[in-house]
file structure_33.csv (CSV, C-alpha atoms)
chain,number,residue,atom,x,y,z
A,1,MET,CA,-38.9,94.2,-36.1
A,2,ALA,CA,-37.8,96.1,-39.2
A,3,THR,CA,-41.1,95.6,-41.0
A,4,ARG,CA,-42.8,96.7,-37.8
A,5,PHE,CA,-40.8,99.9,-37.9
A,6,ARG,CA,-41.6,100.5,-41.5
A,7,GLU,CA,-45.3,100.1,-40.8
A,8,CYS,CA,-45.1,102.7,-38.0
A,9,ALA,CA,-43.1,105.0,-40.3
A,10,LEU,CA,-45.7,104.6,-43.0
A,11,LEU,CA,-48.6,105.3,-40.7
A,12,LEU,CA,-46.8,108.3,-39.4
A,13,LEU,CA,-46.3,109.5,-42.9
A,14,LEU,CA,-50.0,108.9,-43.8
A,15,PHE,CA,-51.0,110.7,-40.7
A,16,THR,CA,-48.8,113.8,-41.3
A,17,HIS,CA,-49.8,113.7,-44.9
A,18,ALA,CA,-53.5,113.7,-44.2
A,19,HIS,CA,-53.1,116.2,-41.4
A,20,ALA,CA,-51.1,118.5,-43.7
A,21,ALA,CA,-54.0,119.0,-46.0
A,22,ALA,CA,-56.0,120.9,-43.3
A,23,PRO,CA,-55.3,124.7,-43.1
A,24,LEU,CA,-52.2,125.5,-41.2
A,25,THR,CA,-53.5,128.6,-39.5
A,26,GLU,CA,-56.7,130.0,-38.0
A,27,VAL,CA,-56.4,133.1,-40.1
A,28,PRO,CA,-57.7,132.4,-43.6
A,29,GLY,CA,-55.2,132.9,-46.5
A,30,ASP,CA,-55.1,136.3,-48.2
A,31,ALA,CA,-54.7,136.2,-52.0
A,32,GLU,CA,-53.2,139.7,-52.2
A,33,ARG,CA,-50.5,138.9,-49.6
A,34,GLY,CA,-50.1,135.5,-51.3
A,35,ARG,CA,-49.4,137.2,-54.6
A,36,VAL,CA,-46.5,139.0,-53.0
A,37,ALA,CA,-45.1,135.9,-51.3
A,38,PHE,CA,-45.5,134.0,-54.7
A,39,LEU,CA,-43.3,136.6,-56.5
A,40,ASP,CA,-40.8,137.6,-53.8
A,41,ARG,CA,-37.3,136.2,-54.5
A,42,ASP,CA,-36.8,135.7,-50.7
A,43,ALA,CA,-40.2,134.0,-50.2
A,44,GLY,CA,-41.8,131.7,-52.8
A,45,HIS,CA,-40.0,132.9,-55.9
A,46,CYS,CA,-42.3,130.6,-57.8
A,47,LEU,CA,-41.5,132.2,-61.2
A,48,LEU,CA,-38.1,130.5,-60.9
A,49,CYS,CA,-39.8,127.4,-62.3
A,50,HIS,CA,-43.4,128.3,-63.2
A,51,GLN,CA,-45.2,130.6,-65.7
A,52,VAL,CA,-48.4,132.5,-64.8
A,53,ALA,CA,-50.1,134.4,-67.6
A,54,GLN,CA,-51.9,136.7,-65.0
A,55,VAL,CA,-48.6,138.2,-63.8
A,56,ASP,CA,-46.7,140.7,-65.8
A,57,GLU,CA,-43.1,139.6,-65.1
A,58,PRO,CA,-40.3,138.8,-67.6
A,59,PHE,CA,-38.3,135.6,-67.5
A,60,GLN,CA,-40.8,133.1,-66.1
A,61,GLY,CA,-39.2,129.7,-65.7
A,62,ASN,CA,-40.5,126.5,-67.3
A,63,LEU,CA,-39.0,123.8,-65.2
A,64,GLY,CA,-42.4,123.2,-63.7
A,65,PRO,CA,-45.9,123.3,-65.3
A,66,ASP,CA,-47.8,126.5,-66.3
A,67,LEU,CA,-49.9,127.6,-63.3
A,68,SER,CA,-52.3,129.9,-65.2
A,69,ASP,CA,-55.2,127.6,-64.7
A,70,VAL,CA,-54.1,125.7,-61.6
A,71,GLY,CA,-57.0,127.0,-59.5
A,72,SER,CA,-59.5,125.2,-61.7
A,73,ARG,CA,-57.6,121.9,-61.6
A,74,PHE,CA,-56.9,121.5,-57.9
A,75,SER,CA,-58.8,122.2,-54.7
A,76,ALA,CA,-57.2,124.3,-51.9
A,77,VAL,CA,-56.5,121.0,-50.0
A,78,GLU,CA,-54.6,119.6,-53.0
A,79,LEU,CA,-52.7,122.9,-53.6
A,80,ARG,CA,-51.7,123.0,-49.9
A,81,GLU,CA,-50.4,119.4,-50.1
A,82,ARG,CA,-48.3,120.3,-53.2
A,83,LEU,CA,-46.7,123.2,-51.4
A,84,ILE,CA,-46.0,121.7,-48.0
A,85,ASP,CA,-44.0,118.7,-49.4
A,86,PRO,CA,-44.5,117.6,-53.0
A,87,THR,CA,-42.3,114.6,-52.5
A,88,LEU,CA,-45.2,113.0,-50.7
A,89,ILE,CA,-47.1,113.0,-54.0
A,90,ASN,CA,-44.1,112.5,-56.3
A,91,PRO,CA,-41.0,111.2,-54.7
A,92,GLU,CA,-38.9,112.2,-57.7
A,93,THR,CA,-40.3,115.8,-57.9
A,94,ALA,CA,-38.1,118.7,-58.8
A,95,MET,CA,-40.2,121.0,-56.8
A,96,PRO,CA,-38.9,122.2,-53.4
A,97,ALA,CA,-40.9,121.4,-50.2
A,98,TYR,CA,-42.0,124.8,-48.9
A,99,TYR,CA,-43.1,123.7,-45.4
A,100,ARG,CA,-40.7,121.0,-44.4
A,101,THR,CA,-37.8,121.2,-41.9
A,102,THR,CA,-36.8,117.6,-41.3
A,103,GLY,CA,-35.0,115.0,-43.3
A,104,LEU,CA,-33.0,117.6,-45.3
A,105,ARG,CA,-29.3,117.5,-46.0
A,106,GLN,CA,-26.6,120.2,-45.7
A,107,VAL,CA,-29.1,123.0,-45.1
A,108,GLY,CA,-27.5,126.4,-45.0
A,109,THR,CA,-26.9,127.5,-41.4
A,110,ALA,CA,-29.1,130.5,-41.9
A,111,TYR,CA,-32.1,128.3,-42.8
A,112,VAL,CA,-31.8,125.4,-40.4
A,113,GLY,CA,-35.1,124.6,-38.7
A,114,ARG,CA,-37.0,127.1,-40.8
A,115,PRO,CA,-39.3,126.2,-43.7
A,116,ILE,CA,-39.1,128.3,-46.9
A,117,LEU,CA,-42.5,129.7,-46.3
A,118,ASN,CA,-44.1,130.1,-42.9
A,119,ALA,CA,-47.6,128.7,-42.1
A,120,GLN,CA,-49.4,132.0,-42.9
A,121,GLN,CA,-47.5,132.4,-46.1
A,122,ILE,CA,-48.5,128.9,-47.2
A,123,GLU,CA,-52.2,129.8,-46.6
A,124,ASP,CA,-51.7,133.1,-48.5
A,125,VAL,CA,-50.1,131.5,-51.5
A,126,VAL,CA,-52.8,128.8,-51.6
A,127,ALA,CA,-55.4,131.6,-51.6
A,128,PHE,CA,-53.6,133.3,-54.4
A,129,ILE,CA,-53.1,130.3,-56.7
A,130,SER,CA,-56.7,129.2,-56.1
A,131,THR,CA,-57.6,132.4,-58.0
A,132,LEU,CA,-55.6,131.4,-61.0
A,133,LYS,CA,-58.2,130.4,-63.6
A,134,LYS,CA,-58.4,130.8,-67.3
A,135,PRO,CA,-61.4,133.0,-68.3
B,1,MET,CA,-47.9,126.4,-81.7
B,2,SER,CA,-48.3,127.8,-85.2
B,3,SER,CA,-47.3,131.2,-83.9
B,4,ASN,CA,-44.1,129.6,-82.7
B,5,ARG,CA,-43.4,128.3,-86.2
B,6,SER,CA,-44.0,131.7,-87.7
B,7,CYS,CA,-41.4,133.4,-85.6
B,8,GLY,CA,-38.9,130.9,-86.8
B,9,ILE,CA,-37.4,128.1,-84.7
B,10,THR,CA,-33.6,128.2,-85.0
B,11,ALA,CA,-31.8,124.9,-85.3
B,12,HIS,CA,-30.2,125.7,-82.0
B,13,SER,CA,-33.5,126.1,-80.1
B,14,LEU,CA,-34.9,123.1,-81.8
B,15,MET,CA,-32.0,121.0,-80.6
B,16,LEU,CA,-32.4,122.2,-77.1
B,17,ALA,CA,-36.1,121.4,-77.1
B,18,LEU,CA,-35.3,117.9,-78.3
B,19,LEU,CA,-32.8,117.6,-75.6
B,20,ALA,CA,-35.3,118.6,-72.9
B,21,VAL,CA,-37.5,115.8,-74.1
B,22,ALA,CA,-34.6,113.3,-74.2
B,23,ALA,CA,-33.6,114.3,-70.7
B,24,ALA,CA,-37.1,113.9,-69.4
B,25,CYS,CA,-37.2,110.3,-70.7
B,26,GLU,CA,-34.0,109.2,-69.1
B,27,MET,CA,-33.9,106.9,-66.1
B,28,PRO,CA,-33.1,108.7,-62.9
B,29,GLY,CA,-29.6,107.8,-61.6
B,30,THR,CA,-29.4,105.6,-58.6
B,31,GLY,CA,-26.2,106.9,-57.2
B,32,VAL,CA,-25.5,103.5,-55.6
B,33,ALA,CA,-21.9,102.9,-54.9
B,34,SER,CA,-20.6,99.6,-56.3
B,35,GLU,CA,-17.6,98.0,-57.9
B,36,SER,CA,-19.3,97.3,-61.2
B,37,GLU,CA,-18.8,99.6,-64.2
B,38,PRO,CA,-21.0,102.7,-63.5
B,39,THR,CA,-23.6,103.7,-66.1
B,40,ARG,CA,-23.9,107.2,-67.3
B,41,THR,CA,-27.5,108.5,-67.2
B,42,LEU,CA,-27.0,111.0,-69.9
B,43,THR,CA,-27.6,109.6,-73.4
B,44,GLN,CA,-25.5,112.3,-75.0
B,45,ALA,CA,-23.1,114.5,-73.2
B,46,LEU,CA,-23.0,118.2,-74.3
B,47,SER,CA,-20.6,120.9,-73.3
B,48,GLY,CA,-22.1,124.0,-71.6
B,49,TYR,CA,-20.9,125.8,-74.8
B,50,GLU,CA,-23.9,124.4,-76.7
B,51,PHE,CA,-26.3,126.2,-74.3
B,52,GLN,CA,-24.8,129.7,-74.7
B,53,ALA,CA,-26.0,132.5,-76.9
B,54,GLU,CA,-24.2,132.8,-80.2
B,55,ASP,CA,-22.3,136.0,-79.2
B,56,THR,CA,-21.0,134.3,-76.1
B,57,GLN,CA,-19.9,131.3,-78.2
B,58,ALA,CA,-18.2,133.7,-80.6
B,59,LEU,CA,-16.4,135.4,-77.7
B,60,GLN,CA,-15.1,132.0,-76.5
B,61,ASP,CA,-13.9,130.9,-79.9
B,62,ASP,CA,-11.9,134.1,-80.7
B,63,PRO,CA,-8.5,133.8,-78.8
B,64,PHE,CA,-8.1,137.6,-79.1
B,65,ALA,CA,-11.5,138.4,-77.7
B,66,ASN,CA,-11.8,135.6,-75.1
B,67,PRO,CA,-11.3,137.4,-71.8
B,68,GLY,CA,-10.1,134.1,-70.2
B,69,MET,CA,-6.9,134.3,-72.4
B,70,LEU,CA,-5.7,137.1,-70.1
B,71,TRP,CA,-5.3,134.6,-67.3
B,72,VAL,CA,-3.7,132.1,-69.7
B,73,ASP,CA,-1.1,134.8,-70.5
B,74,GLN,CA,-0.5,135.6,-66.9
B,75,GLY,CA,-0.2,131.9,-66.2
B,76,GLN,CA,2.5,131.6,-68.8
B,77,GLU,CA,4.5,134.3,-67.0
B,78,LEU,CA,4.1,132.6,-63.6
B,79,TRP,CA,5.0,129.3,-65.2
B,80,ARG,CA,8.4,130.8,-66.0
B,81,ASP,CA,9.1,132.6,-62.8
B,82,ALA,CA,7.1,131.1,-60.0
B,83,GLY,CA,9.2,130.6,-56.9
B,84,SER,CA,12.0,132.7,-55.4
B,85,ALA,CA,15.5,133.3,-56.7
B,86,ASP,CA,16.9,130.0,-55.5
B,87,GLU,CA,13.8,127.8,-56.2
B,88,PRO,CA,13.0,126.2,-59.5
B,89,SER,CA,10.2,127.6,-61.6
B,90,CYS,CA,7.5,125.3,-63.1
B,91,SER,CA,9.4,125.6,-66.4
B,92,SER,CA,12.7,124.4,-64.9
B,93,CYS,CA,11.0,121.0,-64.4
B,94,HIS,CA,8.4,120.9,-67.1
B,95,GLY,CA,10.0,122.9,-70.0
B,96,GLU,CA,9.6,126.4,-71.2
B,97,SER,CA,6.5,126.3,-73.3
B,98,GLY,CA,4.1,124.3,-71.2
B,99,ASP,CA,3.6,121.8,-74.0
B,100,SER,CA,4.5,119.1,-71.6
B,101,MET,CA,1.1,119.8,-69.9
B,102,ARG,CA,-0.8,118.9,-73.1
B,103,GLY,CA,-3.5,116.3,-72.2
B,104,VAL,CA,-3.1,116.7,-68.4
B,105,ALA,CA,-6.3,118.6,-67.8
B,106,ALA,CA,-8.1,115.9,-69.9
B,107,ARG,CA,-7.3,113.2,-67.3
B,108,TYR,CA,-7.6,115.1,-64.0
B,109,PRO,CA,-8.7,114.8,-61.2
B,110,ALA,CA,-6.4,111.9,-60.6
B,111,TYR,CA,-5.4,109.7,-57.7
B,112,ASP,CA,-2.0,110.5,-56.3
B,113,ALA,CA,-0.4,107.5,-54.7
B,114,GLU,CA,2.2,109.6,-52.8
B,115,THR,CA,-0.3,111.7,-50.8
B,116,GLN,CA,-3.0,109.0,-51.2
B,117,SER,CA,-5.5,111.7,-52.1
B,118,LEU,CA,-7.4,112.8,-55.2
B,119,LEU,CA,-5.8,115.8,-56.8
B,120,ASN,CA,-7.4,118.2,-59.3
B,121,ILE,CA,-5.2,120.6,-61.4
B,122,GLU,CA,-5.3,123.2,-58.7
B,123,GLY,CA,-4.3,120.6,-56.1
B,124,ARG,CA,-1.5,119.3,-58.2
B,125,ILE,CA,-0.1,122.8,-58.8
B,126,ASN,CA,-0.2,123.5,-55.0
B,127,HIS,CA,1.4,120.2,-54.3
B,128,CYS,CA,4.3,121.1,-56.7
B,129,ARG,CA,4.6,124.4,-55.0
B,130,GLU,CA,5.0,122.9,-51.6
B,131,LYS,CA,7.1,120.0,-52.5
B,132,HIS,CA,9.4,121.2,-55.3
B,133,GLN,CA,9.4,125.0,-54.8
B,134,GLN,CA,9.2,125.2,-51.0
B,135,GLN,CA,6.5,127.8,-51.2
B,136,SER,CA,3.2,128.0,-49.3
B,137,PRO,CA,0.2,126.9,-51.4
B,138,TYR,CA,-1.8,129.5,-53.3
B,139,ALA,CA,-5.3,130.3,-51.9
B,140,TYR,CA,-7.9,128.4,-54.0
B,141,GLU,CA,-9.5,131.3,-55.8
B,142,SER,CA,-6.3,133.5,-55.9
B,143,ALA,CA,-5.3,135.3,-59.2
B,144,GLU,CA,-2.1,133.2,-59.4
B,145,LEU,CA,-3.8,129.8,-59.0
B,146,LEU,CA,-6.5,130.7,-61.5
B,147,ALA,CA,-3.9,131.9,-64.0
B,148,LEU,CA,-1.7,128.8,-63.6
B,149,SER,CA,-4.7,126.4,-63.8
B,150,ALA,CA,-6.0,128.3,-66.8
B,151,PHE,CA,-2.6,128.0,-68.5
B,152,VAL,CA,-2.4,124.3,-67.8
B,153,ALA,CA,-6.0,123.6,-68.8
B,154,HIS,CA,-5.6,125.6,-72.0
B,155,GLN,CA,-2.8,123.2,-73.2
B,156,SER,CA,-5.5,120.5,-73.4
B,157,ARG,CA,-8.0,122.5,-75.3
B,158,GLY,CA,-9.8,120.3,-77.9
B,159,MET,CA,-8.6,117.1,-76.3
B,160,PRO,CA,-11.2,114.5,-75.3
B,161,ILE,CA,-11.7,114.0,-71.6
B,162,ASP,CA,-11.0,110.6,-70.1
B,163,VAL,CA,-10.4,110.2,-66.3
B,164,PHE,CA,-9.4,107.1,-64.5
B,165,ILE,CA,-11.8,105.8,-61.8
B,166,ASP,CA,-10.6,102.3,-61.1
B,167,GLY,CA,-8.5,101.1,-58.1
B,168,PRO,CA,-8.0,103.6,-55.3
B,169,ALA,CA,-9.8,106.4,-57.3
B,170,ARG,CA,-13.1,104.5,-57.1
B,171,THR,CA,-13.9,105.4,-53.5
B,172,PHE,CA,-13.6,109.1,-54.4
B,173,PHE,CA,-15.6,108.6,-57.5
B,174,ASP,CA,-18.4,106.8,-55.6
B,175,SER,CA,-18.8,109.6,-53.1
B,176,GLY,CA,-18.9,112.2,-55.9
B,177,GLN,CA,-21.5,110.2,-57.7
B,178,SER,CA,-23.7,109.9,-54.6
B,179,TYR,CA,-23.3,113.6,-54.0
B,180,PHE,CA,-24.7,114.3,-57.5
B,181,TYR,CA,-27.9,112.4,-56.9
B,182,GLU,CA,-28.6,113.3,-53.3
B,183,ARG,CA,-31.1,116.1,-52.5
B,184,ARG,CA,-29.8,118.9,-50.3
B,185,GLY,CA,-30.4,122.3,-49.0
B,186,GLN,CA,-33.6,123.9,-47.8
B,187,MET,CA,-34.9,123.6,-51.4
B,188,ASN,CA,-34.3,119.9,-51.2
B,189,LEU,CA,-32.9,119.5,-54.8
B,190,ALA,CA,-30.1,117.3,-56.2
B,191,CYS,CA,-27.8,118.2,-59.0
B,192,HIS,CA,-29.6,115.8,-61.3
B,193,HIS,CA,-32.9,117.5,-60.9
B,194,CYS,CA,-31.5,120.5,-62.7
B,195,HIS,CA,-28.7,119.1,-64.9
B,196,GLU,CA,-30.2,115.8,-66.1
B,197,ARG,CA,-33.9,115.8,-65.7
B,198,ASN,CA,-34.5,119.4,-66.8
B,199,VAL,CA,-31.7,120.1,-69.3
B,200,GLY,CA,-32.7,122.9,-71.8
B,201,ARG,CA,-35.5,124.2,-69.6
B,202,MET,CA,-35.5,127.7,-68.1
B,203,LEU,CA,-34.9,128.6,-64.5
B,204,ARG,CA,-36.1,132.2,-64.7
B,205,GLY,CA,-33.6,133.7,-67.2
B,206,ASP,CA,-31.0,130.8,-67.1
B,207,ARG,CA,-31.1,128.0,-69.5
B,208,LEU,CA,-30.1,124.8,-67.7
B,209,SER,CA,-27.2,123.0,-69.2
B,210,GLN,CA,-25.9,119.5,-68.2
B,211,GLY,CA,-23.6,121.0,-65.6
B,212,GLN,CA,-20.5,119.9,-67.5
B,213,PRO,CA,-17.0,120.8,-66.1
B,214,THR,CA,-15.2,121.0,-69.5
B,215,GLY,CA,-14.7,124.8,-69.6
B,216,TYR,CA,-13.2,125.6,-66.2
B,217,PRO,CA,-11.6,127.8,-65.1
B,218,ALA,CA,-14.2,129.8,-67.0
B,219,TYR,CA,-15.0,133.4,-67.5
B,220,ARG,CA,-18.6,133.9,-66.4
B,221,LEU,CA,-20.3,137.1,-67.6
B,222,GLU,CA,-22.3,137.2,-64.3
B,223,TRP,CA,-19.0,137.2,-62.4
B,224,GLN,CA,-17.2,139.6,-64.7
B,225,THR,CA,-14.1,137.5,-64.0
B,226,LEU,CA,-12.6,134.0,-64.4
B,227,GLY,CA,-13.6,131.5,-61.7
B,228,SER,CA,-12.9,127.9,-60.8
B,229,LEU,CA,-15.3,125.0,-61.2
B,230,HIS,CA,-15.6,124.9,-57.4
B,231,ARG,CA,-16.8,128.5,-57.4
B,232,ARG,CA,-19.6,127.4,-59.7
B,233,LEU,CA,-20.4,124.4,-57.4
B,234,ARG,CA,-20.6,126.8,-54.4
B,235,PHE,CA,-23.1,128.8,-56.4
B,236,CYS,CA,-25.2,125.7,-57.2
B,237,ASN,CA,-25.2,124.8,-53.5
B,238,VAL,CA,-26.1,128.3,-52.4
B,239,GLY,CA,-28.9,128.3,-55.0
B,240,VAL,CA,-30.7,125.5,-53.2
B,241,ARG,CA,-29.9,127.1,-49.8
B,242,ALA,CA,-27.3,124.4,-48.9
B,243,GLU,CA,-24.3,125.3,-46.9
B,244,PRO,CA,-21.5,125.4,-49.5
B,245,PHE,CA,-18.1,123.8,-48.9
B,246,SER,CA,-15.0,125.9,-49.3
B,247,ALA,CA,-13.5,125.8,-52.8
B,248,GLY,CA,-10.9,123.0,-52.9
B,249,ALA,CA,-12.8,120.9,-50.3
B,250,PRO,CA,-12.4,117.2,-50.8
B,251,GLU,CA,-16.2,116.9,-51.3
B,252,TYR,CA,-15.9,119.1,-54.4
B,253,VAL,CA,-12.8,117.3,-55.7
B,254,ASN,CA,-14.7,114.0,-55.5
B,255,LEU,CA,-17.7,115.6,-57.2
B,256,GLU,CA,-15.3,117.0,-59.9
B,257,LEU,CA,-14.1,113.5,-60.6
B,258,PHE,CA,-17.6,112.3,-61.1
B,259,LEU,CA,-18.5,115.2,-63.3
B,260,THR,CA,-15.4,114.8,-65.4
B,261,TRP,CA,-16.1,111.0,-65.8
B,262,ARG,CA,-19.6,111.9,-66.8
B,263,ALA,CA,-18.1,114.3,-69.4
B,264,ARG,CA,-15.8,111.7,-70.9
B,265,GLY,CA,-15.5,112.1,-74.7
B,266,LEU,CA,-16.3,115.8,-74.5
B,267,LYS,CA,-13.4,118.1,-75.4
B,268,VAL,CA,-11.7,120.4,-72.9
B,269,ASP,CA,-12.8,124.0,-73.8
B,270,ALA,CA,-11.1,126.0,-71.1
B,271,PRO,CA,-11.0,128.9,-70.6
B,272,ALA,CA,-14.7,128.9,-71.6
B,273,VAL,CA,-17.0,131.9,-71.7
B,274,ARG,CA,-20.4,131.4,-70.0
B,275,ARG,CA,-23.4,133.6,-69.3
call {"tool": "encode", "arguments": {"input": "structure_33.csv", "output": "structure tokens"}}
result
Amino acid sequence: MATRFRECALLLLLFTHAHAAAPLTEVPGDAERGRVAFLDRDAGHCLLCHQVAQVDEPFQGNLGPDLSDVGSRFSAVELRERLIDPTLINPETAMPAYYRTTGLRQVGTAYVGRPILNAQQIEDVVAFISTLKKP
Amino acid sequence: MSSNRSCGITAHSLMLALLAVAAACEMPGTGVASESEPTRTLTQALSGYEFQAEDTQALQDDPFANPGMLWVDQGQELWRDAGSADEPSCSSCHGESGDSMRGVAARYPAYDAETQSLLNIEGRINHCREKHQQQSPYAYESAELLALSAFVAHQSRGMPIDVFIDGPARTFFDSGQSYFYERRGQMNLACHHCHERNVGRMLRGDRLSQGQPTGYPAYRLEWQTLGSLHRRLRFCNVGVRAEPFSAGAPEYVNLELFLTWRARGLKVDAPAVRR
């Protein structure tokens, strides 16, 4: 019974995981809007943990890897997966899940049921970081 | 790399870099509650002091410049005259100088058999107020409670921390430990993601320390005032978009017991000065 349940849960996880890699919206991502969402403190605020040589901002964090060449290393599908819920790739990750609303603890009342980025913002950020390539 | 060397690595930044590597190699904590002796995941405990800029450290070290000493002085006054005309002051029971409080902050939070609860210094002060002074408890972040707790903590400055987690204290400890390793908030991060696995790294302009409680109540430059450990814990909850508990909540006192146990061997450095 229990193993059966675990199998179902695993299948569901695989399904949502595979499904997650497809674009979340009909409207293709826009790199310029993505740049804004990437930087905005109330949206991605990705510089909290990452450095990007292409943006001229002081105090870029280094908890996560340098993203200056991330567009050459990953496809849009892989980048989207890493944004939606990086724990599916690395259960121990210190990177937040940007498009996940369930299975979270003690979420601030203002944020319950809302992902950090909405579907369009995810697509926009994916479009922006896909452009990050070393010359 | 070579450009790094030419701009001169200070011993301090070198040490922090080594720590970041050491922290990255550590085993993640399990947070599993059990009766066996818990294992500390940090190989070497370091006070938040070690992660401050030199001028901030200098401010903390100089008793005339340390802004936290203002609260210690106010605490000493309250120590002598807390209570009304016909109620005893703290000093009527514990002596004029406060020397009797030496070592107390180094072994708190502690289980209190009478109330069957876990009390930190603030909780103990308020308990004395209600029971022995017939006064209503101070609000957690009030000027008076901060001053008295700074006064008491200061008596233990330099003394090694060692809290008791056996017997009835163990349940409180276990829930504090679990809290430390559980992800929470919309950002889905646990304390250990920042304060064990990424120690020494930068979160924008903040260098991550081990999240040690040794210096509280502490004067934080970003607050421009003295604040309790629980105020800092609320900040860390809000930082990951988790709903914070109120300061003084049992969840934070349990977490404080875990943090203090994790800090054992480190010296009390309250009132500390932090960025």
call {"tool": "residues_near_point", "arguments": {"input": "structure_33.csv", "point": "(-15.8, 130.0, -61.2)", "cutoff": "10 Å", "atoms": "only C-alpha atoms", "output": "list in words"}}
result
Glu141, Leu146, Gly215, Tyr216, Pro217, Ala218, Tyr219, Arg220, Trp223, Thr225, Leu226, Gly227, Ser228, Leu229, His230, Arg231, Arg232, Leu233, Arg234, Phe235 and Ala247 of chain B
call {"tool": "write_last_selection", "arguments": {"input": "structure_33.csv", "atoms": "C-alpha atoms", "output": "compact mmCIF listing (two decimals), keeping the file's coordinate frame"}}
result
# COMPACT_ATOMS: atom_id res chain seq x y z
CA GLU B 141 -9.50 131.30 -55.80
CA LEU B 146 -6.50 130.70 -61.50
CA GLY B 215 -14.70 124.80 -69.60
CA TYR B 216 -13.20 125.60 -66.20
CA PRO B 217 -11.60 127.80 -65.10
CA ALA B 218 -14.20 129.80 -67.00
CA TYR B 219 -15.00 133.40 -67.50
CA ARG B 220 -18.60 133.90 -66.40
CA TRP B 223 -19.00 137.20 -62.40
CA THR B 225 -14.10 137.50 -64.00
CA LEU B 226 -12.60 134.00 -64.40
CA GLY B 227 -13.60 131.50 -61.70
CA SER B 228 -12.90 127.90 -60.80
CA LEU B 229 -15.30 125.00 -61.20
CA HIS B 230 -15.60 124.90 -57.40
CA ARG B 231 -16.80 128.50 -57.40
CA ARG B 232 -19.60 127.40 -59.70
CA LEU B 233 -20.40 124.40 -57.40
CA ARG B 234 -20.60 126.80 -54.40
CA PHE B 235 -23.10 128.80 -56.40
CA ALA B 247 -13.50 125.80 -52.80
call {"tool": "closest_residue", "arguments": {"input": "structure_33.csv", "among": "A:Leu39, A:Ala119, A:Met95, A:Leu24", "to": "chain B", "atoms": "only C-alpha atoms"}}
result
A:Met95
call {"tool": "interface_residues", "arguments": {"input": "structure_33.csv", "of": "chain B", "to": "chain A", "cutoff": "6 Å", "atoms": "only C-alpha atoms", "output": "count of residues only"}}
result
14
call {"tool": "residues_near_point", "arguments": {"input": "structure_33.csv", "point": "(-13.2, 130.7, -78.2)", "cutoff": "12 Å", "atoms": "all atoms listed in the file", "output": "MDAnalysis selection string"}}
result
chainID B and resid 49 54:69 154 157:158 215 218:219 268:274
call {"tool": "atom_distance", "arguments": {"input": "structure_33.csv", "atom1": "CA of Arg207 in chain B", "atom2": "CA of Val238 in chain B"}}
result
17.8 Å
call {"tool": "closest_residue", "arguments": {"input": "structure_33.csv", "among": "A:Leu117, A:Ala76, A:Leu67, A:Val55", "to": "Arg41 in chain A", "atoms": "all atoms listed in the file"}}
result
A:Leu117
call {"tool": "atom_distance", "arguments": {"input": "structure_33.csv", "atom1": "CA of Thr25 in chain A", "atom2": "CA of Asp66 in chain A"}}
result
27.5 Å
call {"tool": "closest_residue", "arguments": {"input": "structure_33.csv", "among": "B:Glu222, B:Glu196, B:Glu251, B:Glu256", "to": "Thr43 in chain B", "atoms": "all atoms listed in the file"}}
result
B:Glu196
call {"tool": "atom_distance", "arguments": {"input": "structure_33.csv", "atom1": "CA of Ala127 in chain A", "atom2": "CA of Gly34 in chain A"}}
result
6.6 Å
call {"tool": "residues_around", "arguments": {"input": "structure_33.csv", "residues": "Leu266 in chain B", "least_positions_apart": "6", "cutoff": "9 Å", "atoms": "all atoms listed in the file", "output": "ChimeraX atom specification"}}
result
/B:45-47,158-162,214
call {"tool": "residues_around", "arguments": {"input": "structure_33.csv", "residues": "range 84-101 of chain B", "least_positions_apart": "5", "cutoff": "9 Å", "atoms": "all atoms listed in the file", "output": "MDAnalysis selection string"}}
result
chainID B and resid 76 78:79 128:129 132:135 151:153 155:156
call {"tool": "write_last_selection", "arguments": {"input": "structure_33.csv", "atoms": "C-alpha atoms", "output": "PDB file, in the frame of the given file"}}
result
ATOM      1  CA  GLN B  76       2.500 131.600 -68.800  1.00  0.00           C
ATOM      2  CA  LEU B  78       4.100 132.600 -63.600  1.00  0.00           C
ATOM      3  CA  TRP B  79       5.000 129.300 -65.200  1.00  0.00           C
ATOM      4  CA  CYS B 128       4.300 121.100 -56.700  1.00  0.00           C
ATOM      5  CA  ARG B 129       4.600 124.400 -55.000  1.00  0.00           C
ATOM      6  CA  HIS B 132       9.400 121.200 -55.300  1.00  0.00           C
ATOM      7  CA  GLN B 133       9.400 125.000 -54.800  1.00  0.00           C
ATOM      8  CA  GLN B 134       9.200 125.200 -51.000  1.00  0.00           C
ATOM      9  CA  GLN B 135       6.500 127.800 -51.200  1.00  0.00           C
ATOM     10  CA  PHE B 151      -2.600 128.000 -68.500  1.00  0.00           C
ATOM     11  CA  VAL B 152      -2.400 124.300 -67.800  1.00  0.00           C
ATOM     12  CA  ALA B 153      -6.000 123.600 -68.800  1.00  0.00           C
ATOM     13  CA  GLN B 155      -2.800 123.200 -73.200  1.00  0.00           C
ATOM     14  CA  SER B 156      -5.500 120.500 -73.400  1.00  0.00           C
TER      15      SER B 156
END
call {"tool": "residues_around", "arguments": {"input": "structure_33.csv", "residues": "Val36 in chain A", "least_positions_apart": "4", "cutoff": "10 Å", "atoms": "all atoms listed in the file", "output": "JSON, numbers by chain"}}
result
{"A": [31, 32, 40, 41, 43, 44, 45, 121, 124, 125, 128]}
